[in-house]
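Undergrad: One structure is given below, represented as structure tokens, and several questions about it will come after.
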Amino acid sequence: MPDSPPAPVMTDVARLAGVSHQTVSRVVNDSPHVSAQTRTRVLAAMEQLGYRRNAVARALATRRSGTLGVITFDTVLHGPVTTLYGVEQAAGALGLGVSIAVVDRVSSDAVVRALGRLEDQSVEGVVALATQEDAVRALTAGLRALPAVFVGGLAG
């Protein structure tokens, strides 16, 4: 892969637009405290440079990942895949990312490992696609402080 220039950062946008770093931040965060003329200039500089918001830097600054974790026990069947697609579409519409952990067999250890992977990514909540009672029990036992929603039909 040939050497490519580093991705533009807010200071690059600020320099090109002739504004402060804070003004660029206000535009990126859609603050109402920026004039229309300045906003237009900053957006044009972002476009010209190909600037994209750095999700990692934002997560560090806000202490929020903007990521939703999804645990699923079966991605082969149509129902879970369709539900997973719906969760991803809804999260995207809210500006959230999705991180998926697939558990191949229902066991407390496997669930704890999957939850740990999601916690390592600082997800803000978990959607569990759990259609088996054993899966719900394992997830309930493994959840710590994360908010969770269970999706699935349980028999009986």
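Identifiers for the structure tokens are assigned positionally: chains receive A, B, ... in sequence, residues are indexed from 1 per chain, and ligands are indexed from 1 in the order shown.
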Could you pull out the helix (DSSP H, G or I) residues of chain A, going by DSSP on the backbone, and write them as a ChimeraX atom specification?
TA: /A:10-17,21-28,36-49,55-62,78-93,108-120,133-142
Undergrad: Quick one: everything within 8 Å of Leu115 of chain A, counting only C-alpha atoms, minus sequence neighbours fewer than 4 positions away in the same chain. Send it as a PyMOL selection string.
TA: chain A and resi 71+101+111+119+142-143
Undergrad: Keeping only N, CA and C atoms, take the residues you just selected and write them out as a PDB file, in the first residue's frame.
TA:
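Here's the written file selection-v8.pdb:
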ATOM      1  N   ILE A  71     -25.886  -9.095  20.857  1.00  0.00           N
ATOM      2  CA  ILE A  71     -25.489 -10.488  21.055  1.00  0.00           C
ATOM      3  C   ILE A  71     -26.544 -11.342  20.385  1.00  0.00           C
ATOM      4  N   ALA A 101     -21.660  -9.524  18.604  1.00  0.00           N
ATOM      5  CA  ALA A 101     -20.976 -10.669  19.198  1.00  0.00           C
ATOM      6  C   ALA A 101     -21.870 -11.888  18.975  1.00  0.00           C
ATOM      7  N   VAL A 111     -21.283 -16.662  26.937  1.00  0.00           N
ATOM      8  CA  VAL A 111     -22.013 -15.401  27.045  1.00  0.00           C
ATOM      9  C   VAL A 111     -21.164 -14.350  27.766  1.00  0.00           C
ATOM     10  N   GLU A 119     -18.154  -5.066  26.194  1.00  0.00           N
ATOM     11  CA  GLU A 119     -17.767  -4.085  27.216  1.00  0.00           C
ATOM     12  C   GLU A 119     -16.407  -3.479  26.890  1.00  0.00           C
ATOM     13  N   GLY A 142     -25.034 -12.896  33.179  1.00  0.00           N
ATOM     14  CA  GLY A 142     -23.775 -12.274  32.777  1.00  0.00           C
ATOM     15  C   GLY A 142     -23.794 -10.768  32.707  1.00  0.00           C
ATOM     16  N   LEU A 143     -24.986 -10.181  32.572  1.00  0.00           N
ATOM     17  CA  LEU A 143     -25.070  -8.721  32.456  1.00  0.00           C
ATOM     18  C   LEU A 143     -24.671  -8.062  33.767  1.00  0.00           C
TER      19      LEU A 143
END
Undergrad: Atom CA of Val98 of chain A and atom CA of Val28 of chain A, how far apart in Å?
TA: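 So the two atoms, atom CA of Val28 of chain A and atom CA of Val98 of chain A, lie 21.3 Å apart.
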Undergrad: Do you know which residues are at most 9 Å from Leu139 of chain A counting only C-alpha atoms, after dropping those on the same chain fewer than 5 positions away, and could you put them as a list of chain:residue names?
TA: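 In the requested format, the answer is A:Ser108, A:Val111, A:Val112, A:Leu115, A:Ala128, A:Ala130, A:Asp134.
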Undergrad: Restricting it to all heavy atoms, dump the selection as a PDB file, in the first residue's frame.
TA:
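Everything below was put into part-v3.pdb:
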ATOM      1  N   SER A 108     -22.873 -20.199  29.933  1.00  0.00           N
ATOM      2  CA  SER A 108     -22.557 -19.000  30.710  1.00  0.00           C
ATOM      3  C   SER A 108     -21.191 -18.446  30.336  1.00  0.00           C
ATOM      4  O   SER A 108     -21.013 -17.231  30.187  1.00  0.00           O
ATOM      5  CB  SER A 108     -22.601 -19.302  32.211  1.00  0.00           C
ATOM      6  OG  SER A 108     -23.921 -19.587  32.584  1.00  0.00           O
ATOM      7  N   VAL A 111     -21.283 -16.662  26.937  1.00  0.00           N
ATOM      8  CA  VAL A 111     -22.013 -15.401  27.045  1.00  0.00           C
ATOM      9  C   VAL A 111     -21.164 -14.350  27.766  1.00  0.00           C
ATOM     10  O   VAL A 111     -21.075 -13.206  27.336  1.00  0.00           O
ATOM     11  CB  VAL A 111     -23.367 -15.609  27.754  1.00  0.00           C
ATOM     12  CG1 VAL A 111     -24.005 -14.284  28.119  1.00  0.00           C
ATOM     13  CG2 VAL A 111     -24.303 -16.422  26.865  1.00  0.00           C
ATOM     14  N   VAL A 112     -20.511 -14.741  28.843  1.00  0.00           N
ATOM     15  CA  VAL A 112     -19.654 -13.807  29.586  1.00  0.00           C
ATOM     16  C   VAL A 112     -18.525 -13.304  28.693  1.00  0.00           C
ATOM     17  O   VAL A 112     -18.188 -12.116  28.700  1.00  0.00           O
ATOM     18  CB  VAL A 112     -19.118 -14.456  30.881  1.00  0.00           C
ATOM     19  CG1 VAL A 112     -17.990 -13.652  31.488  1.00  0.00           C
ATOM     20  CG2 VAL A 112     -20.254 -14.634  31.879  1.00  0.00           C
ATOM     21  N   LEU A 115     -20.080 -10.808  26.204  1.00  0.00           N
ATOM     22  CA  LEU A 115     -20.369  -9.547  26.888  1.00  0.00           C
ATOM     23  C   LEU A 115     -19.081  -8.786  27.185  1.00  0.00           C
ATOM     24  O   LEU A 115     -19.023  -7.566  27.053  1.00  0.00           O
ATOM     25  CB  LEU A 115     -21.151  -9.798  28.183  1.00  0.00           C
ATOM     26  CG  LEU A 115     -22.615 -10.170  28.008  1.00  0.00           C
ATOM     27  CD1 LEU A 115     -23.206 -10.659  29.323  1.00  0.00           C
ATOM     28  CD2 LEU A 115     -23.406  -8.987  27.478  1.00  0.00           C
ATOM     29  N   ALA A 128     -30.063  -8.163  22.935  1.00  0.00           N
ATOM     30  CA  ALA A 128     -29.816  -9.603  22.910  1.00  0.00           C
ATOM     31  C   ALA A 128     -30.897 -10.279  22.080  1.00  0.00           C
ATOM     32  O   ALA A 128     -32.078 -10.193  22.407  1.00  0.00           O
ATOM     33  CB  ALA A 128     -29.804 -10.159  24.325  1.00  0.00           C
ATOM     34  N   ALA A 130     -32.219 -13.337  21.680  1.00  0.00           N
ATOM     35  CA  ALA A 130     -32.197 -14.613  22.402  1.00  0.00           C
ATOM     36  C   ALA A 130     -33.574 -15.247  22.347  1.00  0.00           C
ATOM     37  O   ALA A 130     -34.518 -14.751  22.946  1.00  0.00           O
ATOM     38  CB  ALA A 130     -31.780 -14.379  23.854  1.00  0.00           C
ATOM     39  N   ASP A 134     -32.513 -20.859  27.811  1.00  0.00           N
ATOM     40  CA  ASP A 134     -31.152 -20.990  28.335  1.00  0.00           C
ATOM     41  C   ASP A 134     -30.319 -19.755  28.010  1.00  0.00           C
ATOM     42  O   ASP A 134     -29.512 -19.300  28.828  1.00  0.00           O
ATOM     43  CB  ASP A 134     -30.452 -22.224  27.746  1.00  0.00           C
ATOM     44  CG  ASP A 134     -31.047 -23.527  28.260  1.00  0.00           C
ATOM     45  OD1 ASP A 134     -31.824 -23.486  29.246  1.00  0.00           O
ATOM     46  OD2 ASP A 134     -30.731 -24.581  27.675  1.00  0.00           O
TER      47      ASP A 134
END
Undergrad: Which residues of segment 40-74 of chain A come within 8 Å of segment 10-23 of chain A, and for each one, what is the closest pair of atoms and their distance in Å to one decimal, counting only C-alpha atoms, sorted by chain and residue number, as CSV?
TA:
residue,atom,partner,partner_atom,distance
A:Arg41,CA,A:Ala17,CA,5.8
A:Val42,CA,A:Ala17,CA,5.4
A:Ala44,CA,A:Ala17,CA,8.0
A:Ala45,CA,A:Val13,CA,5.6
A:Met46,CA,A:Val13,CA,5.9
A:Leu49,CA,A:Val13,CA,7.2
A:Tyr51,CA,A:Val13,CA,7.5
Undergrad: Go ahead and save the picked residues with C-alpha atoms, as a PDB file, in the first residue's frame.
TA:
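What landed in again33.pdb:
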ATOM      1  CA  ARG A  41     -17.243  28.092   5.035  1.00  0.00           C
ATOM      2  CA  VAL A  42     -16.394  25.322   7.513  1.00  0.00           C
ATOM      3  CA  ALA A  44     -16.888  23.688   2.403  1.00  0.00           C
ATOM      4  CA  ALA A  45     -13.432  23.223   3.980  1.00  0.00           C
ATOM      5  CA  MET A  46     -14.512  19.842   5.387  1.00  0.00           C
ATOM      6  CA  LEU A  49     -10.273  18.200   2.638  1.00  0.00           C
ATOM      7  CA  TYR A  51     -12.679  15.511   6.634  1.00  0.00           C
TER       8      TYR A  51
END
Undergrad: Name the residues of chain A that fall into strand (DSSP E or B) according to DSSP on the backbone, using the chain letters and numbers of this document, as an NGL selection string.
TA: :A and (67-72 or 97-102 or 126-129 or 148-151)
Undergrad: How about saving the chosen residues, all heavy atoms kept, as a short mmCIF file (atom, residue, chain, number, x, y, z; two decimals), in the first residue's frame?
TA:
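Saved as again_10.cif:
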data_model
loop_
_atom_site.label_atom_id
_atom_site.label_comp_id
_atom_site.auth_asym_id
_atom_site.auth_seq_id
_atom_site.Cartn_x
_atom_site.Cartn_y
_atom_site.Cartn_z
N THR A 67 -22.01 3.43 20.45
CA THR A 67 -22.09 2.08 19.89
C THR A 67 -23.04 1.23 20.71
O THR A 67 -23.02 1.25 21.93
CB THR A 67 -20.70 1.42 19.87
OG1 THR A 67 -19.81 2.26 19.13
CG2 THR A 67 -20.74 0.04 19.22
N LEU A 68 -23.84 0.48 20.01
CA LEU A 68 -24.78 -0.45 20.61
C LEU A 68 -24.26 -1.86 20.38
O LEU A 68 -23.85 -2.19 19.27
CB LEU A 68 -26.15 -0.27 19.93
CG LEU A 68 -27.31 -1.09 20.41
CD1 LEU A 68 -27.64 -0.75 21.86
CD2 LEU A 68 -28.52 -0.82 19.53
N GLY A 69 -24.24 -2.67 21.41
CA GLY A 69 -23.80 -4.05 21.26
C GLY A 69 -24.98 -4.95 20.97
O GLY A 69 -26.07 -4.76 21.50
N VAL A 70 -24.76 -5.93 20.12
CA VAL A 70 -25.80 -6.92 19.82
C VAL A 70 -25.20 -8.30 20.05
O VAL A 70 -24.13 -8.61 19.53
CB VAL A 70 -26.32 -6.82 18.37
CG1 VAL A 70 -27.34 -7.92 18.08
CG2 VAL A 70 -26.92 -5.46 18.10
N ILE A 71 -25.89 -9.10 20.86
CA ILE A 71 -25.49 -10.49 21.05
C ILE A 71 -26.54 -11.34 20.39
O ILE A 71 -27.75 -11.16 20.61
CB ILE A 71 -25.38 -10.86 22.54
CG1 ILE A 71 -24.21 -10.12 23.17
CG2 ILE A 71 -25.22 -12.35 22.72
CD1 ILE A 71 -23.95 -10.47 24.60
N THR A 72 -26.07 -12.25 19.56
CA THR A 72 -27.00 -13.15 18.89
C THR A 72 -26.48 -14.58 19.00
O THR A 72 -25.28 -14.80 19.08
CB THR A 72 -27.24 -12.75 17.42
OG1 THR A 72 -28.21 -13.64 16.85
CG2 THR A 72 -25.97 -12.77 16.62
N GLY A 97 -23.42 3.33 16.09
CA GLY A 97 -22.79 2.19 15.45
C GLY A 97 -23.26 0.92 16.14
O GLY A 97 -23.86 0.97 17.21
N VAL A 98 -22.99 -0.20 15.52
CA VAL A 98 -23.38 -1.50 16.08
C VAL A 98 -22.18 -2.42 16.09
O VAL A 98 -21.45 -2.51 15.10
CB VAL A 98 -24.53 -2.14 15.26
CG1 VAL A 98 -24.85 -3.54 15.76
CG2 VAL A 98 -25.78 -1.27 15.32
N SER A 99 -21.98 -3.08 17.20
CA SER A 99 -20.94 -4.10 17.31
C SER A 99 -21.65 -5.41 17.64
O SER A 99 -22.50 -5.46 18.53
CB SER A 99 -19.96 -3.72 18.42
OG SER A 99 -18.93 -4.65 18.48
N ILE A 100 -21.29 -6.46 16.91
CA ILE A 100 -22.00 -7.73 17.04
C ILE A 100 -21.10 -8.78 17.66
O ILE A 100 -19.94 -8.93 17.29
CB ILE A 100 -22.47 -8.23 15.66
CG1 ILE A 100 -23.37 -7.18 15.02
CG2 ILE A 100 -23.19 -9.57 15.77
CD1 ILE A 100 -23.62 -7.41 13.55
N ALA A 101 -21.66 -9.52 18.60
CA ALA A 101 -20.98 -10.67 19.20
C ALA A 101 -21.87 -11.89 18.98
O ALA A 101 -23.01 -11.92 19.43
CB ALA A 101 -20.73 -10.46 20.69
N VAL A 102 -21.35 -12.86 18.25
CA VAL A 102 -22.11 -14.08 17.97
C VAL A 102 -21.63 -15.16 18.94
O VAL A 102 -20.43 -15.41 19.06
CB VAL A 102 -21.91 -14.55 16.51
CG1 VAL A 102 -22.66 -15.85 16.26
CG2 VAL A 102 -22.35 -13.47 15.54
N VAL A 126 -26.93 -3.17 25.29
CA VAL A 126 -26.91 -4.44 24.57
C VAL A 126 -28.32 -4.80 24.13
O VAL A 126 -29.27 -4.68 24.90
CB VAL A 126 -26.35 -5.57 25.47
CG1 VAL A 126 -26.47 -6.93 24.79
CG2 VAL A 126 -24.91 -5.29 25.85
N VAL A 127 -28.42 -5.23 22.89
CA VAL A 127 -29.64 -5.85 22.38
C VAL A 127 -29.31 -7.33 22.25
O VAL A 127 -28.36 -7.70 21.56
CB VAL A 127 -30.07 -5.28 21.02
CG1 VAL A 127 -31.27 -6.04 20.47
CG2 VAL A 127 -30.37 -3.79 21.13
N ALA A 128 -30.06 -8.16 22.94
CA ALA A 128 -29.82 -9.60 22.91
C ALA A 128 -30.90 -10.28 22.08
O ALA A 128 -32.08 -10.19 22.41
CB ALA A 128 -29.80 -10.16 24.33
N LEU A 129 -30.47 -10.92 21.00
CA LEU A 129 -31.40 -11.68 20.16
C LEU A 129 -31.39 -13.10 20.70
O LEU A 129 -30.60 -13.94 20.25
CB LEU A 129 -30.98 -11.63 18.69
CG LEU A 129 -30.72 -10.25 18.11
CD1 LEU A 129 -30.37 -10.35 16.63
CD2 LEU A 129 -31.91 -9.33 18.31
N ALA A 148 -29.92 -3.42 28.89
CA ALA A 148 -30.12 -4.48 27.90
C ALA A 148 -31.59 -4.60 27.52
O ALA A 148 -32.48 -4.32 28.32
CB ALA A 148 -29.62 -5.81 28.44
N VAL A 149 -31.79 -5.01 26.27
CA VAL A 149 -33.11 -5.31 25.76
C VAL A 149 -33.04 -6.71 25.16
O VAL A 149 -32.11 -7.03 24.43
CB VAL A 149 -33.53 -4.31 24.66
CG1 VAL A 149 -34.84 -4.72 24.02
CG2 VAL A 149 -33.62 -2.91 25.21
N PHE A 150 -34.01 -7.54 25.51
CA PHE A 150 -34.05 -8.89 24.98
C PHE A 150 -35.10 -8.94 23.87
O PHE A 150 -36.21 -8.44 24.04
CB PHE A 150 -34.43 -9.90 26.07
CG PHE A 150 -33.36 -10.08 27.09
CD1 PHE A 150 -33.21 -9.21 28.15
CD2 PHE A 150 -32.45 -11.13 26.97
CE1 PHE A 150 -32.21 -9.37 29.08
CE2 PHE A 150 -31.44 -11.32 27.90
CZ PHE A 150 -31.32 -10.42 28.96
N VAL A 151 -34.72 -9.52 22.73
CA VAL A 151 -35.61 -9.66 21.59
C VAL A 151 -35.72 -11.13 21.26
O VAL A 151 -34.71 -11.80 21.09
CB VAL A 151 -35.07 -8.89 20.36
CG1 VAL A 151 -35.99 -9.08 19.17
CG2 VAL A 151 -34.87 -7.42 20.67
#
Undergrad: I want to know what sits within 10 Å of Ser122 of chain A, based on only C-alpha atoms, with residues of the same chain fewer than 4 positions away left out; could you give that as a PDB file with N, CA and C atoms, in the first residue's frame?
TA:
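part25.pdb written:
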ATOM      1  N   ALA A  59     -15.264   9.741  21.200  1.00  0.00           N
ATOM      2  CA  ALA A  59     -15.569   8.874  22.341  1.00  0.00           C
ATOM      3  C   ALA A  59     -14.695   9.229  23.546  1.00  0.00           C
ATOM      4  N   ARG A  63     -16.701  10.534  26.480  1.00  0.00           N
ATOM      5  CA  ARG A  63     -16.826   9.316  27.294  1.00  0.00           C
ATOM      6  C   ARG A  63     -18.068   8.509  26.914  1.00  0.00           C
ATOM      7  N   ARG A  64     -18.444   8.617  25.637  1.00  0.00           N
ATOM      8  CA  ARG A  64     -19.561   7.852  25.094  1.00  0.00           C
ATOM      9  C   ARG A  64     -19.114   7.265  23.774  1.00  0.00           C
ATOM     10  N   SER A  65     -19.392   5.987  23.587  1.00  0.00           N
ATOM     11  CA  SER A  65     -18.920   5.326  22.366  1.00  0.00           C
ATOM     12  C   SER A  65     -19.853   5.510  21.181  1.00  0.00           C
ATOM     13  N   GLY A  66     -21.122   5.768  21.455  1.00  0.00           N
ATOM     14  CA  GLY A  66     -22.079   5.852  20.361  1.00  0.00           C
ATOM     15  C   GLY A  66     -22.268   4.507  19.685  1.00  0.00           C
ATOM     16  N   THR A  67     -22.007   3.426  20.446  1.00  0.00           N
ATOM     17  CA  THR A  67     -22.090   2.079  19.887  1.00  0.00           C
ATOM     18  C   THR A  67     -23.039   1.229  20.707  1.00  0.00           C
ATOM     19  N   LEU A  68     -23.843   0.475  20.014  1.00  0.00           N
ATOM     20  CA  LEU A  68     -24.784  -0.453  20.612  1.00  0.00           C
ATOM     21  C   LEU A  68     -24.262  -1.856  20.376  1.00  0.00           C
ATOM     22  N   GLY A  69     -24.236  -2.666  21.407  1.00  0.00           N
ATOM     23  CA  GLY A  69     -23.796  -4.047  21.257  1.00  0.00           C
ATOM     24  C   GLY A  69     -24.977  -4.954  20.969  1.00  0.00           C
ATOM     25  N   GLY A 116     -18.041  -9.506  27.550  1.00  0.00           N
ATOM     26  CA  GLY A 116     -16.744  -8.879  27.816  1.00  0.00           C
ATOM     27  C   GLY A 116     -16.184  -8.197  26.581  1.00  0.00           C
ATOM     28  N   ARG A 117     -16.324  -8.857  25.421  1.00  0.00           N
ATOM     29  CA  ARG A 117     -15.854  -8.244  24.171  1.00  0.00           C
ATOM     30  C   ARG A 117     -16.604  -6.947  23.894  1.00  0.00           C
ATOM     31  N   LEU A 118     -17.906  -6.961  24.141  1.00  0.00           N
ATOM     32  CA  LEU A 118     -18.702  -5.755  23.914  1.00  0.00           C
ATOM     33  C   LEU A 118     -18.349  -4.670  24.933  1.00  0.00           C
ATOM     34  N   LEU A 146     -24.658  -2.891  32.203  1.00  0.00           N
ATOM     35  CA  LEU A 146     -25.114  -2.445  30.884  1.00  0.00           C
ATOM     36  C   LEU A 146     -26.641  -2.533  30.769  1.00  0.00           C
TER      37      LEU A 146
END
Undergrad: What gap, in Å, lies between atom CA of Gly152 of chain A and atom CA of Thr83 of chain A?
TA: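 Interatomic distance here is 9.3 Å.
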Undergrad: So how far away is atom CA of Arg58 of chain A from atom CA of Ala114 of chain A, in Å?
TA: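 Atom-to-atom, atom CA of Ala114 of chain A and atom CA of Arg58 of chain A are spaced 24.8 Å apart.
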Undergrad: Tell me which of A:Thr82, A:Ser107, A:Gln48, A:Thr38 sits closest to Thr140 of chain A, counting only C-alpha atoms.
TA: A:Ser107
Undergrad: I'd like to know which of A:Glu47, A:Val87, A:Thr40, A:Ala93 is closest to Val27 of chain A, using only C-alpha atoms.
TA: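 So, comparing all the options, the nearest one is A:Thr40.
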